[in-house]
>>> print(open('model_20.txt').read())   # compact mmCIF, C-alpha atoms
# COMPACT_ATOMS: atom_id res chain seq x y z
CA MET D 1 -27.47 21.72 -7.51
CA ALA D 2 -27.09 17.99 -8.17
CA VAL D 3 -24.12 16.03 -6.85
CA VAL D 4 -23.04 12.51 -7.76
CA ARG D 5 -20.15 10.92 -5.88
CA LEU D 6 -18.32 7.80 -6.91
CA SER D 7 -15.42 6.01 -5.32
CA PHE D 8 -13.73 2.97 -6.79
CA SER D 9 -10.89 0.58 -6.04
CA PRO D 10 -7.77 1.67 -7.92
CA ALA D 11 -8.02 -0.84 -10.77
CA PRO D 12 -7.96 -0.05 -14.50
CA VAL D 13 -11.23 -1.83 -15.16
CA HIS D 14 -13.15 0.68 -13.04
CA VAL D 15 -11.91 3.71 -14.99
CA ARG D 16 -14.38 2.81 -17.69
CA THR D 17 -17.21 2.87 -15.15
CA ALA D 18 -16.14 6.33 -14.00
CA ARG D 19 -16.12 7.56 -17.61
CA LEU D 20 -19.61 6.20 -18.23
CA VAL D 21 -21.02 7.74 -15.06
CA GLY D 22 -19.25 11.05 -15.71
CA VAL D 23 -20.71 11.35 -19.20
CA ALA D 24 -24.18 10.28 -18.09
CA VAL D 25 -24.21 12.97 -15.39
CA ALA D 26 -22.80 15.54 -17.84
CA ARG D 27 -25.56 14.78 -20.34
CA ARG D 28 -28.24 15.10 -17.67
CA ALA D 29 -26.69 18.32 -16.38
CA GLY D 30 -26.89 19.90 -19.82
CA VAL D 31 -23.36 19.79 -21.19
CA ARG D 32 -23.47 20.34 -24.94
CA GLN D 33 -23.55 17.09 -26.94
CA GLY D 34 -20.45 18.11 -28.89
CA LEU D 35 -18.41 18.28 -25.67
CA LEU D 36 -19.32 14.85 -24.32
CA ASP D 37 -16.46 13.00 -26.07
CA GLU D 38 -14.03 15.45 -24.51
CA VAL D 39 -15.66 15.04 -21.08
CA ARG D 40 -15.35 11.27 -21.43
CA LEU D 41 -11.69 11.47 -22.41
CA ALA D 42 -10.76 13.97 -19.71
CA ILE D 43 -12.45 12.06 -16.88
CA GLY D 44 -10.77 8.90 -18.12
CA GLU D 45 -7.36 10.56 -18.15
CA ALA D 46 -7.76 12.01 -14.66
CA CYS D 47 -8.93 8.63 -13.28
CA THR D 48 -6.19 6.72 -15.13
CA ARG D 49 -3.61 9.02 -13.57
CA ALA D 50 -5.08 8.49 -10.09
CA VAL D 51 -5.18 4.70 -10.49
CA ALA D 52 -1.58 4.65 -11.71
CA LEU D 53 -0.42 6.69 -8.69
CA HIS D 54 -2.26 4.42 -6.24
CA GLN D 55 -0.75 1.35 -7.86
CA GLN D 56 2.76 2.84 -7.84
CA HIS D 57 2.43 3.49 -4.11
CA ASN D 58 0.60 0.25 -3.25
CA LEU D 59 -2.41 2.19 -2.00
CA SER D 60 -5.69 0.33 -1.78
CA ASP D 61 -7.64 3.50 -0.88
CA PRO D 62 -10.38 4.24 -3.36
CA VAL D 63 -10.10 6.96 -5.99
CA ARG D 64 -12.83 9.51 -5.41
CA VAL D 65 -14.79 11.28 -8.13
CA GLU D 66 -17.34 14.00 -7.50
CA MET D 67 -19.56 15.42 -10.20
CA SER D 68 -21.70 18.47 -9.64
CA ASP D 69 -23.74 20.92 -11.64
CA ASP D 70 -24.15 24.38 -10.23
CA GLY D 71 -24.20 26.69 -13.19
CA THR D 72 -21.34 24.67 -14.66
CA TYR D 73 -20.49 20.97 -14.76
CA ALA D 74 -17.59 20.33 -12.39
CA VAL D 75 -15.76 17.03 -11.95
CA ARG D 76 -13.18 16.48 -9.22
CA VAL D 77 -10.94 13.41 -9.23
CA VAL D 78 -9.03 12.92 -6.00
CA ASP D 79 -6.17 10.51 -5.34
CA ARG D 80 -4.39 9.70 -2.07
CA ALA D 81 -0.82 9.42 -3.33
CA PRO D 82 1.96 11.54 -1.78
CA ILE D 83 1.80 14.96 -3.41
CA GLU D 84 5.36 14.85 -4.70
CA ALA D 85 4.43 11.69 -6.60
CA GLY D 86 1.87 13.71 -8.50
CA ALA D 87 4.59 15.81 -10.10
CA ASP D 88 3.69 15.72 -13.73
CA LEU D 89 5.09 16.36 -17.15
CA ALA D 90 2.63 19.13 -17.92
CA ALA D 91 5.44 21.56 -18.64
CA LEU D 92 7.06 19.21 -21.12
CA PRO D 93 6.63 20.43 -24.70
CA PRO D 94 4.44 17.94 -26.56
CA TYR D 95 7.11 17.11 -29.13
CA GLU D 96 9.31 15.92 -26.27
CA LEU D 97 6.81 13.20 -25.48
CA ALA D 98 7.98 10.96 -28.28
CA ARG D 99 11.68 11.27 -27.53
CA GLU D 100 13.46 7.97 -27.63
CA PRO D 101 14.70 7.86 -23.99
CA LEU D 102 11.25 8.43 -22.51
CA SER D 103 9.74 5.28 -20.96
CA GLU D 104 6.23 4.22 -21.97
CA ASP D 105 4.91 5.06 -18.50
CA ALA D 106 6.47 8.53 -18.51
CA LEU D 107 5.24 9.13 -22.02
CA THR D 108 1.72 8.02 -21.11
CA THR D 109 1.71 10.40 -18.13
CA GLY D 110 2.89 13.27 -20.30
CA VAL D 111 0.40 12.53 -23.04
CA GLY D 112 -2.36 12.24 -20.44
CA PHE D 113 -1.64 15.74 -19.17
CA ALA D 114 -1.37 17.08 -22.70
CA LEU D 115 -4.85 15.69 -23.36
CA LEU D 116 -6.26 17.11 -20.12
CA ALA D 117 -4.79 20.53 -20.84
CA GLY D 118 -5.92 20.37 -24.46
CA PHE D 119 -9.48 19.28 -23.85
CA VAL D 120 -10.32 21.11 -20.61
CA ASP D 121 -10.31 24.89 -20.74
CA ASP D 122 -10.95 25.18 -17.02
CA LEU D 123 -8.47 22.77 -15.40
CA LEU D 124 -7.04 22.98 -11.91
CA VAL D 125 -4.58 20.59 -10.24
CA ARG D 126 -4.01 21.20 -6.55
CA PRO D 127 -3.31 19.43 -3.26
CA ALA D 128 -6.36 17.57 -1.99
CA ASP D 129 -8.20 18.78 1.08
CA GLY D 130 -6.66 17.07 4.10
CA GLY D 131 -3.11 17.30 2.87
CA ILE D 132 -2.53 13.93 1.22
CA GLY D 133 -3.14 13.45 -2.46
CA THR D 134 -3.99 15.58 -5.46
CA GLU D 135 -7.27 16.88 -6.80
CA VAL D 136 -7.81 17.33 -10.51
CA GLN D 137 -10.74 19.65 -11.10
CA MET D 138 -12.32 20.02 -14.52
CA VAL D 139 -15.16 22.40 -15.35
CA TRP D 140 -17.35 22.61 -18.45
CA PRO D 141 -20.10 25.09 -19.33
CA LEU D 142 -23.75 24.06 -19.39
CA GLU D 143 -25.98 24.72 -22.35
CA ARG D 144 -29.17 25.44 -20.45
CA MET B 1 -17.16 -1.92 -25.71
CA GLU B 2 -14.34 -4.44 -25.50
CA LEU B 3 -11.22 -4.32 -27.62
CA SER B 4 -11.28 -6.22 -30.91
CA LEU B 5 -8.20 -7.10 -32.93
CA ALA B 6 -7.95 -8.66 -36.39
CA THR B 7 -4.78 -9.07 -38.42
CA ARG B 8 -4.38 -9.59 -42.15
CA THR B 9 -1.47 -9.40 -44.57
CA VAL B 10 -1.29 -6.84 -47.35
CA GLY B 11 1.91 -7.29 -49.33
CA GLU B 12 4.79 -6.92 -46.91
CA PHE B 13 2.57 -5.28 -44.28
CA ALA B 14 0.71 -6.78 -41.36
CA VAL B 15 -2.48 -4.75 -41.05
CA VAL B 16 -4.03 -4.84 -37.59
CA VAL B 17 -7.62 -3.62 -37.44
CA VAL B 18 -8.41 -2.37 -33.94
CA GLY B 19 -11.95 -1.81 -32.72
CA GLY B 20 -13.69 -0.74 -29.52
CA GLU B 21 -12.09 1.08 -26.61
CA VAL B 22 -8.33 1.36 -26.21
CA ASP B 23 -7.82 2.46 -22.62
CA VAL B 24 -5.89 1.71 -19.45
CA TYR B 25 -7.75 -1.62 -19.15
CA THR B 26 -7.41 -2.88 -22.73
CA ALA B 27 -4.09 -1.31 -23.78
CA PRO B 28 -2.02 -4.23 -22.35
CA GLN B 29 -3.89 -6.57 -24.71
CA LEU B 30 -3.05 -4.32 -27.67
CA ARG B 31 0.61 -4.13 -26.59
CA GLU B 32 0.85 -7.91 -26.26
CA ASN B 33 -0.73 -8.47 -29.68
CA LEU B 34 1.53 -6.01 -31.49
CA PHE B 35 4.71 -7.08 -29.71
CA GLU B 36 3.96 -10.75 -30.52
CA LEU B 37 3.60 -9.74 -34.15
CA ILE B 38 7.00 -8.01 -34.11
CA ASP B 39 8.60 -10.90 -32.24
CA SER B 40 7.31 -13.25 -34.93
CA GLY B 41 9.44 -11.37 -37.46
CA VAL B 42 7.00 -8.89 -38.96
CA GLU B 43 8.84 -5.66 -39.82
CA HIS B 44 6.15 -3.51 -41.39
CA VAL B 45 3.00 -2.88 -39.38
CA VAL B 46 -0.08 -0.79 -40.12
CA VAL B 47 -2.63 -0.25 -37.36
CA ASP B 48 -6.08 0.66 -38.62
CA LEU B 49 -7.93 2.71 -35.98
CA GLY B 50 -11.08 3.03 -38.10
CA ARG B 51 -13.22 1.08 -35.65
CA VAL B 52 -11.82 2.59 -32.46
CA ASP B 53 -14.38 4.65 -30.59
CA PHE B 54 -12.18 5.58 -27.63
CA LEU B 55 -8.41 6.08 -27.38
CA ASP B 56 -6.62 7.41 -24.32
CA SER B 57 -3.04 8.18 -23.31
CA THR B 58 -2.36 4.56 -22.37
CA GLY B 59 -3.25 3.45 -25.90
CA LEU B 60 -1.11 6.21 -27.38
CA GLY B 61 1.77 5.09 -25.15
CA VAL B 62 1.48 1.56 -26.53
CA LEU B 63 1.50 2.85 -30.12
CA VAL B 64 4.61 4.94 -29.46
CA GLY B 65 6.27 1.89 -27.88
CA VAL B 66 5.53 -0.15 -31.01
CA LEU B 67 6.85 2.64 -33.23
CA LYS B 68 10.13 2.77 -31.30
CA ARG B 69 10.50 -0.99 -31.36
CA LEU B 70 9.94 -1.23 -35.11
CA ARG B 71 12.29 1.68 -35.79
CA THR B 72 15.00 -0.04 -33.77
CA ALA B 73 14.44 -3.21 -35.79
CA GLY B 74 14.67 -1.31 -39.06
CA GLY B 75 10.96 -1.73 -39.79
CA SER B 76 8.11 0.69 -40.35
CA PHE B 77 4.91 1.62 -38.54
CA ALA B 78 1.91 3.59 -39.76
CA LEU B 79 -1.57 4.40 -38.52
CA VAL B 80 -4.82 4.58 -40.46
CA CYS B 81 -7.23 7.14 -39.06
CA ASP B 82 -9.69 9.46 -40.76
CA ARG B 83 -12.04 10.31 -37.89
CA GLU B 84 -11.81 13.86 -36.60
CA PRO B 85 -12.19 13.10 -32.86
CA LEU B 86 -9.20 10.75 -32.98
CA LEU B 87 -7.19 13.04 -35.25
CA LYS B 88 -7.74 15.83 -32.72
CA ILE B 89 -6.15 13.64 -30.03
CA PHE B 90 -3.07 13.18 -32.22
CA ARG B 91 -2.89 16.93 -32.92
CA ILE B 92 -3.26 17.97 -29.27
CA THR B 93 -0.48 15.64 -28.19
CA ALA B 94 1.65 16.56 -31.24
CA LEU B 95 1.87 12.86 -31.98
CA ASP B 96 0.59 13.64 -35.48
CA GLN B 97 4.19 14.75 -36.06
CA VAL B 98 5.51 11.43 -34.82
CA PHE B 99 3.26 8.85 -36.51
CA PRO B 100 2.77 8.51 -40.24
CA LEU B 101 -1.04 8.93 -40.42
CA TYR B 102 -3.03 7.84 -43.47
CA PRO B 103 -6.75 8.07 -44.26
CA THR B 104 -6.97 4.53 -45.72
CA VAL B 105 -5.17 1.21 -45.56
CA ASP B 106 -4.44 1.48 -49.28
CA ALA B 107 -2.68 4.78 -48.72
CA ALA B 108 -0.68 3.34 -45.80
CA THR B 109 0.45 0.27 -47.72
CA GLY B 110 0.99 2.08 -51.00
CA ALA B 111 -1.48 -0.25 -52.69
>>> encode(input="model_20.txt", output="structure tokens")
Amino acid sequence: MAVVRLSFSPAPVHVRTARLVGVAVARRAGVRQGLLDEVRLAIGEACTRAVALHQQHNLSDPVRVEMSDDGTYAVRVVDRAPIEAGADLAALPPYELAREPLSEDALTTGVGFALLAGFVDDLLVRPADGGIGTEVQMVWPLER
Amino acid sequence: MELSLATRTVGEFAVVVVGGEVDVYTAPQLRENLFELIDSGVEHVVVDLGRVDFLDSTGLGVLVGVLKRLRTAGGSFALVCDREPLLKIFRITALDQVFPLYPTVDAATGA
């Protein structure tokens, strides 16, 4: 099993780096070429969410990303924001996302979860180990 | 790839050609560009996503914000997009039911 760990300061510019690394590791692990765009988007959404939560709570702690291949390609994105802050709009019907009263930030959060749920068949959102923060786990099949 | 923006006028429409990656880092630049356009008095805006190779929720949030702003001002907003990976993003988020989506600039401007 190969493991790549990345941690980055919670700034938007570093989300791109996480996407690039995540796709490079996915390609090496053997994720099907046709899935790589979805891997890139999903890792970006999970990291964007984590960065936004850290910024909302003035947290300078790094966002942690762990990529591993052990029969599947698994990516875990872990933030350190209070768990209640991670409450999401996942249950919101997609058509609600464009309602007039919704703020751009709330809409972006809702759309982000809609994309995660739409592009990742095996998606798990749970409290992070250690009690503080949330872990978004995404798993894709390997071709080999 | 960085964000690229180019604006031209087609009839009563301002057509903004967007290229590169629209993400949490570059979306503020897109928002600023489009809001400046609206503030300058433009009422009908078409955003051509033909050269965009990455679009995330932050970029979609900006586009919805522009749509709302133009609607409030009595204007119109349309997107040009004919690439399947991007169209899939609009379908998954159901935003294909919110934005007028056209395959070409000519179709969007009624040329």
>>> atom_distance(input="model_20.txt", atom1="CA of Thr72 (chain D)", atom2="CA of Ser57 (chain B)")
26.1 Å
>>> interface_residues(input="model_20.txt", of="chain B", to="chain D", cutoff="10 Å", atoms="all atoms listed in the file", output="JSON, numbers by chain")
{"B": [1, 21, 23, 24, 25, 26, 53, 54, 55, 56, 57, 58, 59, 60, 61, 62, 63, 64, 65, 67, 68, 85, 88, 89, 90, 91, 92, 93, 94, 95, 96, 97, 98, 99]}
>>> closest_residue(input="model_20.txt", among="D:Ala46, D:Leu35, D:Leu6, D:Ala74", to="Val21 (chain D)", atoms="all atoms listed in the file")
D:Leu6
>>> atom_distance(input="model_20.txt", atom1="CA of Phe77 (chain B)", atom2="CA of Phe13 (chain B)")
9.3 Å
>>> atom_distance(input="model_20.txt", atom1="CA of Pro10 (chain D)", atom2="CA of Ala50 (chain D)")
7.6 Å
>>> closest_residue(input="model_20.txt", among="B:Leu49, B:Ala27, B:Val42, B:Phe35", to="Ala6 (chain B)", atoms="all atoms listed in the file")
B:Leu49
>>> residues_around(input="model_20.txt", residues="Gly19 (chain B)", least_positions_apart="6", cutoff="7 Å", atoms="only C-alpha atoms", output="CSV table (one decimal) with C-alpha atoms, in the coordinates of the input")
chain,number,residue,atom,x,y,z
B,3,LEU,CA,-11.2,-4.3,-27.6
B,4,SER,CA,-11.3,-6.2,-30.9
B,5,LEU,CA,-8.2,-7.1,-32.9
B,49,LEU,CA,-7.9,2.7,-36.0
B,51,ARG,CA,-13.2,1.1,-35.6
B,52,VAL,CA,-11.8,2.6,-32.5
>>> residues_around(input="model_20.txt", residues="Leu124 (chain D)", least_positions_apart="5", cutoff="9 Å", atoms="all atoms listed in the file", output="count of residues only")
5
>>> closest_residue(input="model_20.txt", among="D:Gly22, D:Ala29, D:Val63, D:Leu142", to="Val77 (chain D)", atoms="only C-alpha atoms")
D:Val63
>>> closest_residue(input="model_20.txt", among="B:Thr104, B:Gly50, B:Ala73, B:Val66", to="Leu86 (chain B)", atoms="all atoms listed in the file")
B:Gly50
>>> closest_residue(input="model_20.txt", among="D:Arg5, D:Arg19, D:Arg32, D:Arg27", to="Glu143 (chain D)", atoms="all atoms listed in the file")
D:Arg32
>>> residues_near_point(input="model_20.txt", point="(12.3, -3.9, -39.1)", cutoff="6 Å", atoms="all atoms listed in the file", output="short mmCIF file (atom, residue, chain, number, x, y, z; two decimals) with C-alpha atoms, in the frame of the given file")
data_model
loop_
_atom_site.label_atom_id
_atom_site.label_comp_id
_atom_site.auth_asym_id
_atom_site.auth_seq_id
_atom_site.Cartn_x
_atom_site.Cartn_y
_atom_site.Cartn_z
CA GLU B 43 8.84 -5.66 -39.82
CA LEU B 70 9.94 -1.23 -35.11
CA ALA B 73 14.44 -3.21 -35.79
CA GLY B 74 14.67 -1.31 -39.06
CA GLY B 75 10.96 -1.73 -39.79
#
>>> residues_around(input="model_20.txt", residues="Thr134 (chain D)", least_positions_apart="6", cutoff="9 Å", atoms="only C-alpha atoms", output="PDB file with C-alpha atoms, keeping the file's coordinate frame")
ATOM      1  CA  ALA D  50      -5.080   8.490 -10.090  1.00  0.00           C
ATOM      2  CA  VAL D  77     -10.940  13.410  -9.230  1.00  0.00           C
ATOM      3  CA  VAL D  78      -9.030  12.920  -6.000  1.00  0.00           C
ATOM      4  CA  ASP D  79      -6.170  10.510  -5.340  1.00  0.00           C
ATOM      5  CA  ARG D  80      -4.390   9.700  -2.070  1.00  0.00           C
ATOM      6  CA  ALA D  81      -0.820   9.420  -3.330  1.00  0.00           C
ATOM      7  CA  PRO D  82       1.960  11.540  -1.780  1.00  0.00           C
ATOM      8  CA  ILE D  83       1.800  14.960  -3.410  1.00  0.00           C
ATOM      9  CA  GLY D  86       1.870  13.710  -8.500  1.00  0.00           C
ATOM     10  CA  VAL D 125      -4.580  20.590 -10.240  1.00  0.00           C
ATOM     11  CA  ARG D 126      -4.010  21.200  -6.550  1.00  0.00           C
ATOM     12  CA  PRO D 127      -3.310  19.430  -3.260  1.00  0.00           C
ATOM     13  CA  ALA D 128      -6.360  17.570  -1.990  1.00  0.00           C
TER      14      ALA D 128
END
